[in-house]
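Structure record follows, encoded as structure tokens.
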Amino acid sequence: ASAAADLSATLPNDAASILAFKSSADLDHTLLYSLTERFDFCQWRGVKCAQGRVVRFVLQSTGLRGSFAADTLSRLDQLRVLSLQDNSLSGSLPDLSALSNLKSLFLGGNNFSGPFPISVVSLHRLRVLDLSFNNFSGLLPPALTRLDRLDTLRLEWNRFTGPLPPLNQTLLRSFNVSGNNLTGPVPATVTISRFGSSSFSNNPGLCGEMVNRACRSREPFFGGNASVPAPLGQSAESHGAASVVGLSPPLGSPKKQKKTGVVLGFTVGVLVLISAVAIIVTLVKARRNDSSSEIRSNSASQKEPSAVAPERVEATPPPVDAPVEKPETEVNGQVVGAQRVQRRSGYLVFSTGEPELYTLEQLMRASAELLGRGSIGTTYKAVLDNQLIVTVKRLDSNKTAATGEEAFEGHMEAVGGLRHPNLVPVRAYFQAKGERLVIFDYMPNGSLYNLIHGSRSARAKPLHWTSCLKIAEDVAQGLGYIHQSSRLIHGNLKSSNILLGPDFEACLTDYSLSALAPEGSVHDQEDPDSWAYRAPEVRKSALCAGPRSDVYAFGVLLLELLTGRHPSQHPFLASPEMPGWVQAVREDHAGGAEDGRLGMLVEVAAVCRSASPEQRPTMWQVLKMIHEIKETVIEEDSTA
Ligand SMILES: Nc1ncnc2c1ncn2[C@@H]1O[C@H](COP(=O)(O)OP(=O)(O)OP(=O)(O)O)[C@@H](O)[C@H]1O
């Protein structure tokens with residue numbers, strides 16, 4: 001001990017961290033740690049070093065009793081494996097976010113309590129997380145889905161409550177949440193579906209196919225009251241998870257985030273939907289009768305079986321009126337390619353080649369949660385009874401009334417045919433007597449709006465400029481694809497219409513829907529941010545929207561990304577002054593010098609925001625510029 005005291009002045013940091021841990025976690029003094037030479041600690045029980053730093057600390061079943069104090073092992077920043085499995089440690093876990101190299105964390109079989117250790121979700125190298133057989137309680141953070149290298153997730157036999165996040169990690173091989181108090185539907189992600197019911201057992205409140213229990217309490221999508229499950233994002237907030245701010249499901253612009261507005265809006269929305277469902281049900285029934293009479297008359301006249309309507313009202317195969325070959329369909333000034341337009345009013349029509357995973361009836365029975373009210377409709381998250389989660393956009397019938405049924409169908413065929421990694425796919429659509437729905441994938445990682453502006457701070461810190469570059473590339477790729485593939489445009493590019501995919505890639509949504517509302521939207525003029533994305537020619541007339549007006553909106557979006565400022569707060573500056581403004585805003589937040597190379601991206605934004613469409617580049621030219629910037633950065637960084 002006296003030798004240790006002599007060394008204490010020069011005690012290596014890792015040894016000091018371990019001794020600090022021992023003083024609160026080893027109350028029965030089972031670990032005999034002493035230090036006579038500087039690197040003796042690498043020989044201590046459970047310790048393994050590499051280059052004089054601790055990389056493994058494994059004290060499984062060593063009779064530890066006490067607590068895991070803050071600022072002890074969490075200082076071992078080279079640690080790859082930490083196991084305190086099967087001891088008698090208690091209390092809550094400290095902040096572990098500094099263990100950025102950690103790959104395996106075994107804490108099972110102790111008496112740990114308190115909330116899920118939220119700092120763990122920032123350990124992006126983590127492959128094994130074992131918190132099983134403890135007393136952890138509260139909600140599981142939705143941000144668990146960010147641990148994309150996770151191979152083992154063991155949370156069984158704790159006291160976790162609330163919904164199971166929609167885990168989508170492709171590498172997950174071992175997974176167990178049994179013996180908790182989780183509630184609600186088991187999300188039917190591909191990852192979760194791989195595990196058997198034993199992974200979920202002993203959670204009486206879980207329901208769905210995976211646990212062979214029907215989800216009875218859920219409300220129908222088209223009807224019912226507003227008692228919907230808490231949005232996943234609320235779980236993150238209740239954890240006080242500052243690190244996941246912005247990744248919770250969004251509720252649109254700040255105005256829309258006011259809870260009262262949402263609840264009121266939802267209730268009104270649901271009331272409107274109840275009347276809508278009445279219309280739809282009547283239509284479906286009428287159609288069913290039509291179909292059966294068609295069947296009768298078809299069989300009477302001995303027509304080909306393929307012309308016969310199906311017995312059930314489903315989209316497979318949709319009973320169609322005679323297909324009409326049309327050379328071109330024009331939707332409010334925008335020409336879409338030649339369409340084989342089939343009149344399929346009253347049916348759920350899936351996009352070409354799309355597996356028909358649900359029926360209209362299932363969609364109508366789904367539980368619905370209001371996501372927000374936008375310029376041409378209202379958006380809901382719908383959980384179907386097969387646990388599939390989709391987003392349903394219910395278009396405002398007044399705003400799209402000028403688009404006839406056939407034109408709508410032709411347009412949606414073209415839009416539904418777009419497939420690109422940076423587009424949220426349109427899976428299906430529905431129309432009947434002015435009631436129109438468009439079904440997209442649900443994106444649980446929220447929108448770029450939330451990522452940029454956060455949900456708490458009015459002046460969130462701007463993103464790192466290389467993240468801006470990556471997002472800009474994703475968006476430009478999506479837009480470039482829309483522009484080239486079928487002469488469509490987005491028409492409503494803004495940060496709330498860019499959602500984050502499973503790998504946090506940017507995916508455009510709501511593309512080409514504004515073409516259905518030729519008058520433009522009053523909403524845009526009421527919302528100064530939406531208005532600020534509009535190119536000057538579109539502000540004069542929505543009919544002037546073209547690919548280059550998307551380019552203008554892209555320029556505005558780039559400035560929003562780089563500065564974290566809402567578009568209505570961007571000053572009108574001449575191009576040469578713009579880099580200075582962006583730099584000043586960023587340095588104001590960072591409190592120091594910013595990377596001057598971001599100026600290249602500001603120049604792209606400036607040229608996109610040119611007042612006249614002819615002066616703006618095409619989206620492909622923009623993409624080329626972005627690639628050149630990326631190459632410059634890679635080259636400079638590799639030679640630095
Ligand atoms: N597929 C989706 N998955 C998850 N969230 C979505 C999805 N589509 C839209 N949202 C979110 O739902 C909210 C409401 O969307 P909505 O499109 O109705 O309004 P908006 O984007 O504010 O305006 P606009 O109608 O002009 O696009 C937005 O915050 C949006 O980010």
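Just so we're on the same page: first chain in the structure tokens is A, next is B, and so on; residues restart at 1 for each chain, and ligands are numbered from 1 in the order they show up.
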
Kindly provide, as a ChimeraX atom specification, all nucleotide and amino acid residues lying within 7 Å of ligand 1, counting only C-alpha atoms and all ligand atoms. /A:249-253,371-379,391,393,424,440-444,446-447,492,496-499,509-510

Show me, as a short mmCIF file (atom, residue, chain, number, x, y, z; two decimals) with C-alpha atoms, in the first residue's frame, the residues that have an atom within 9 Å of range 566-578 of chain A when counting only C-alpha atoms, minus same-chain residues fewer than 4 positions from it.
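Written file, selection.cif:
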data_model
loop_
_atom_site.label_atom_id
_atom_site.label_comp_id
_atom_site.auth_asym_id
_atom_site.auth_seq_id
_atom_site.Cartn_x
_atom_site.Cartn_y
_atom_site.Cartn_z
CA HIS A 453 -34.29 22.95 -35.35
CA PRO A 528 -43.79 32.44 -43.75
CA ASP A 529 -41.32 29.55 -43.85
CA SER A 530 -43.20 27.64 -46.55
CA TRP A 531 -43.48 30.90 -48.46
CA ALA A 532 -39.75 31.52 -48.22
CA TYR A 533 -39.02 28.28 -50.10
CA VAL A 556 -33.06 27.86 -49.36
CA LEU A 557 -32.86 24.44 -47.73
CA LEU A 559 -28.93 27.80 -46.12
CA GLU A 560 -31.35 26.45 -43.49
CA VAL A 582 -23.40 31.96 -43.01
CA GLN A 583 -19.92 31.98 -41.47
CA GLY A 599 -18.05 28.50 -48.30
CA VAL A 602 -22.79 28.44 -49.63
CA GLU A 603 -21.86 29.29 -53.21
CA ALA A 605 -26.91 27.72 -52.28
CA ALA A 606 -26.42 31.24 -53.66
CA VAL A 607 -26.55 30.21 -57.31
CA ARG A 609 -31.36 30.96 -55.07
CA SER A 610 -30.92 33.17 -58.14
#

So which one's closest to Ala517 in chain A, A:Val121, A:Ala428, A:Leu543, A:Leu11? Using only C-alpha atoms, please. A:Leu543

For each of A:Arg127, A:Arg38, A:His420, A:His29, take the minimum atom-to-atom distance to Arg65 in chain A, counting only C-alpha atoms, then give the residue where this is smallest.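 Closest to Arg65 in chain A of all the choices is A:His29.
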
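Between CA of Asp40 in chain A and CA of Pro12 in chain A the interatomic distance comes to 10.2 Å.
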
Mind pulling up the distance from CA of Trp44 in chain A to CA of Ser88 in chain A? 20.3 Å

Test item: residues at most 12 Å from Leu558 in chain A, only C-alpha atoms, excluding those fewer than 2 positions along its chain, as a PyMOL selection string: chain A and resi 448+452+462-463+465+467-476+493-495+533+551-556+560-567+570+578+582+598-609+622+626

Could those residues be written to a file, using N, CA and C atoms, as a short mmCIF file (atom, residue, chain, number, x, y, z; two decimals), in the first residue's frame?
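Result file selection.cif:
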data_model
loop_
_atom_site.label_atom_id
_atom_site.label_comp_id
_atom_site.auth_asym_id
_atom_site.auth_seq_id
_atom_site.Cartn_x
_atom_site.Cartn_y
_atom_site.Cartn_z
N LEU A 448 -35.99 16.20 -41.26
CA LEU A 448 -34.84 17.10 -41.24
C LEU A 448 -35.19 18.37 -40.45
N ILE A 452 -32.72 19.77 -37.70
CA ILE A 452 -32.09 21.09 -37.76
C ILE A 452 -32.50 21.95 -36.58
N PRO A 462 -26.23 24.74 -35.41
CA PRO A 462 -26.25 24.19 -36.78
C PRO A 462 -25.49 22.86 -36.84
N LEU A 463 -25.85 22.05 -37.84
CA LEU A 463 -25.18 20.74 -38.01
C LEU A 463 -23.76 20.95 -38.48
N TRP A 465 -20.68 20.93 -40.84
CA TRP A 465 -20.88 21.24 -42.26
C TRP A 465 -20.76 20.00 -43.15
N SER A 467 -21.93 17.08 -42.39
CA SER A 467 -23.27 16.45 -42.35
C SER A 467 -24.18 17.19 -43.33
N CYS A 468 -24.02 18.52 -43.39
CA CYS A 468 -24.83 19.30 -44.35
C CYS A 468 -24.52 18.84 -45.77
N LEU A 469 -23.24 18.59 -46.02
CA LEU A 469 -22.82 18.16 -47.36
C LEU A 469 -23.47 16.82 -47.72
N LYS A 470 -23.48 15.91 -46.75
CA LYS A 470 -24.06 14.58 -47.00
C LYS A 470 -25.58 14.70 -47.24
N ILE A 471 -26.24 15.50 -46.42
CA ILE A 471 -27.69 15.66 -46.58
C ILE A 471 -27.99 16.32 -47.92
N ALA A 472 -27.17 17.34 -48.26
CA ALA A 472 -27.36 18.04 -49.53
C ALA A 472 -27.24 17.05 -50.69
N GLU A 473 -26.28 16.15 -50.59
CA GLU A 473 -26.08 15.17 -51.66
C GLU A 473 -27.30 14.25 -51.77
N ASP A 474 -27.79 13.77 -50.63
CA ASP A 474 -28.97 12.90 -50.64
C ASP A 474 -30.16 13.59 -51.29
N VAL A 475 -30.39 14.84 -50.87
CA VAL A 475 -31.57 15.57 -51.37
C VAL A 475 -31.41 15.82 -52.87
N ALA A 476 -30.19 16.22 -53.27
CA ALA A 476 -29.96 16.51 -54.69
C ALA A 476 -30.16 15.25 -55.52
N LEU A 493 -40.60 21.33 -51.76
CA LEU A 493 -39.40 20.93 -51.01
C LEU A 493 -39.24 21.81 -49.78
N LYS A 494 -39.12 21.20 -48.63
CA LYS A 494 -38.86 21.92 -47.38
C LYS A 494 -38.40 20.90 -46.34
N SER A 495 -37.87 21.40 -45.23
CA SER A 495 -37.21 20.46 -44.31
C SER A 495 -38.19 19.48 -43.67
N TYR A 533 -39.59 29.27 -49.18
CA TYR A 533 -39.02 28.28 -50.10
C TYR A 533 -39.49 28.50 -51.54
N VAL A 551 -35.06 23.82 -57.61
CA VAL A 551 -33.66 24.17 -57.38
C VAL A 551 -33.59 25.37 -56.42
N TYR A 552 -34.50 26.31 -56.61
CA TYR A 552 -34.53 27.49 -55.71
C TYR A 552 -34.78 27.02 -54.26
N ALA A 553 -35.78 26.16 -54.11
CA ALA A 553 -36.10 25.67 -52.75
C ALA A 553 -34.91 24.92 -52.17
N PHE A 554 -34.18 24.22 -53.03
CA PHE A 554 -32.99 23.49 -52.57
C PHE A 554 -31.95 24.48 -52.02
N GLY A 555 -31.80 25.62 -52.70
CA GLY A 555 -30.87 26.65 -52.22
C GLY A 555 -31.27 27.16 -50.84
N VAL A 556 -32.57 27.37 -50.67
CA VAL A 556 -33.06 27.86 -49.36
C VAL A 556 -32.80 26.78 -48.29
N GLU A 560 -30.72 26.85 -44.75
CA GLU A 560 -31.35 26.45 -43.49
C GLU A 560 -30.48 25.41 -42.79
N LEU A 561 -29.96 24.46 -43.58
CA LEU A 561 -29.08 23.43 -43.03
C LEU A 561 -27.82 24.03 -42.42
N LEU A 562 -27.22 24.93 -43.18
CA LEU A 562 -25.92 25.46 -42.77
C LEU A 562 -26.01 26.42 -41.59
N THR A 563 -27.13 27.16 -41.51
CA THR A 563 -27.23 28.17 -40.45
C THR A 563 -28.13 27.75 -39.30
N GLY A 564 -28.99 26.76 -39.52
CA GLY A 564 -29.96 26.40 -38.49
C GLY A 564 -31.05 27.45 -38.34
N ARG A 565 -31.09 28.41 -39.27
CA ARG A 565 -32.13 29.46 -39.22
C ARG A 565 -33.32 29.08 -40.09
N HIS A 566 -34.51 29.37 -39.58
CA HIS A 566 -35.73 29.13 -40.36
C HIS A 566 -35.68 29.99 -41.64
N PRO A 567 -36.20 29.44 -42.76
CA PRO A 567 -36.10 30.17 -44.03
C PRO A 567 -36.64 31.60 -43.99
N HIS A 570 -33.99 34.19 -43.26
CA HIS A 570 -32.80 34.40 -44.09
C HIS A 570 -32.86 35.80 -44.69
N MET A 578 -23.23 36.31 -49.05
CA MET A 578 -23.83 35.19 -48.36
C MET A 578 -22.85 34.35 -47.53
N VAL A 582 -23.33 33.34 -43.50
CA VAL A 582 -23.40 31.96 -43.01
C VAL A 582 -22.28 31.71 -41.99
N LEU A 598 -16.70 25.39 -46.00
CA LEU A 598 -18.16 25.37 -46.14
C LEU A 598 -18.63 26.47 -47.09
N GLY A 599 -17.72 27.44 -47.34
CA GLY A 599 -18.05 28.50 -48.30
C GLY A 599 -18.42 27.95 -49.67
N MET A 600 -17.83 26.81 -50.01
CA MET A 600 -18.14 26.20 -51.33
C MET A 600 -19.62 25.81 -51.42
N LEU A 601 -20.13 25.32 -50.28
CA LEU A 601 -21.53 24.90 -50.25
C LEU A 601 -22.46 26.13 -50.27
N VAL A 602 -21.99 27.21 -49.62
CA VAL A 602 -22.79 28.44 -49.63
C VAL A 602 -22.90 28.97 -51.06
N GLU A 603 -21.81 28.82 -51.81
CA GLU A 603 -21.86 29.29 -53.21
C GLU A 603 -22.90 28.52 -54.00
N VAL A 604 -23.01 27.22 -53.74
CA VAL A 604 -24.03 26.42 -54.43
C VAL A 604 -25.43 26.95 -54.05
N ALA A 605 -25.60 27.20 -52.73
CA ALA A 605 -26.91 27.72 -52.28
C ALA A 605 -27.22 29.04 -52.98
N ALA A 606 -26.19 29.90 -53.09
CA ALA A 606 -26.42 31.24 -53.66
C ALA A 606 -26.86 31.14 -55.12
N VAL A 607 -26.20 30.29 -55.89
CA VAL A 607 -26.55 30.21 -57.31
C VAL A 607 -27.94 29.56 -57.47
N CYS A 608 -28.28 28.61 -56.60
CA CYS A 608 -29.61 28.00 -56.67
C CYS A 608 -30.69 29.03 -56.36
N ARG A 609 -30.35 29.98 -55.49
CA ARG A 609 -31.36 30.96 -55.07
C ARG A 609 -31.44 32.16 -56.01
N VAL A 622 -26.18 20.74 -60.01
CA VAL A 622 -25.99 20.93 -58.56
C VAL A 622 -25.30 19.70 -57.97
N ILE A 626 -21.75 19.36 -55.93
CA ILE A 626 -21.63 18.76 -54.59
C ILE A 626 -20.57 17.66 -54.61
#

Gap from CA of Val390 in chain A to CA of Gly454 in chain A - Å, one decimal: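 CA of Gly454 in chain A lies 23.8 Å from CA of Val390 in chain A.
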
Name the residues of range 393-618 of chain A that come out as helix (DSSP H, G or I) in a backbone DSSP run; write them as a PyMOL selection string. chain A and resi 405-416+448-453+465-486+495-497+514-516+522-526+528-533+536-540+542-544+547-563+567-569+575-590+598-608+613-615

I want to know what sits within 9 Å of Met619 in chain A, based on only C-alpha atoms, with residues of the same chain fewer than 6 positions away left out; could you give that as a ChimeraX atom specification? /A:476-477,479-481,483,547-548,550-551

Tell me, which residues of range 343-406 of chain A carry DSSP strand (DSSP E), written as JSON, numbers by chain? {"A": [348, 349, 350, 367, 368, 369, 370, 371, 372, 373, 377, 378, 379, 380, 381, 382, 383, 389, 390, 391, 392, 393, 394, 395]}

Residues at most 7 Å from range 109-119 of chain A, counting only C-alpha atoms, excluding those fewer than 4 positions away in the same chain, as a list in words?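 Counting only C-alpha atoms, the residues come to Gln85, Asp86, Asn87, Ser88, Leu89, Ser90, Gly91, Ser92, Leu93, Asp95, Leu96, Ser97, Ser132, Phe133, Asn134, Asn135, Phe136, Ser137, Gly138, Leu140 and Ala241 of chain A.
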
Print the selection's residues with C-alpha atoms to a file, as a compact mmCIF listing (two decimals), in the first residue's frame.
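As written to disk, out23.txt reads:
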# COMPACT_ATOMS: atom_id res chain seq x y z
CA GLN A 85 -22.15 -9.47 -15.10
CA ASP A 86 -23.58 -11.43 -12.18
CA ASN A 87 -22.57 -9.33 -9.21
CA SER A 88 -24.58 -7.40 -6.62
CA LEU A 89 -24.21 -3.90 -7.96
CA SER A 90 -27.11 -1.54 -7.42
CA GLY A 91 -28.26 2.02 -8.07
CA SER A 92 -28.51 3.68 -11.47
CA LEU A 93 -25.84 3.73 -14.13
CA ASP A 95 -23.17 8.55 -18.02
CA LEU A 96 -21.23 6.15 -20.25
CA SER A 97 -21.12 8.30 -23.36
CA SER A 132 -30.97 -8.40 -18.38
CA PHE A 133 -32.01 -9.46 -14.88
CA ASN A 134 -31.84 -6.06 -13.19
CA ASN A 135 -34.45 -3.59 -11.98
CA PHE A 136 -34.26 -1.00 -14.75
CA SER A 137 -37.59 0.73 -15.32
CA GLY A 138 -39.33 3.27 -17.55
CA LEU A 140 -37.14 2.09 -23.90
CA ALA A 241 -32.44 12.45 -23.96
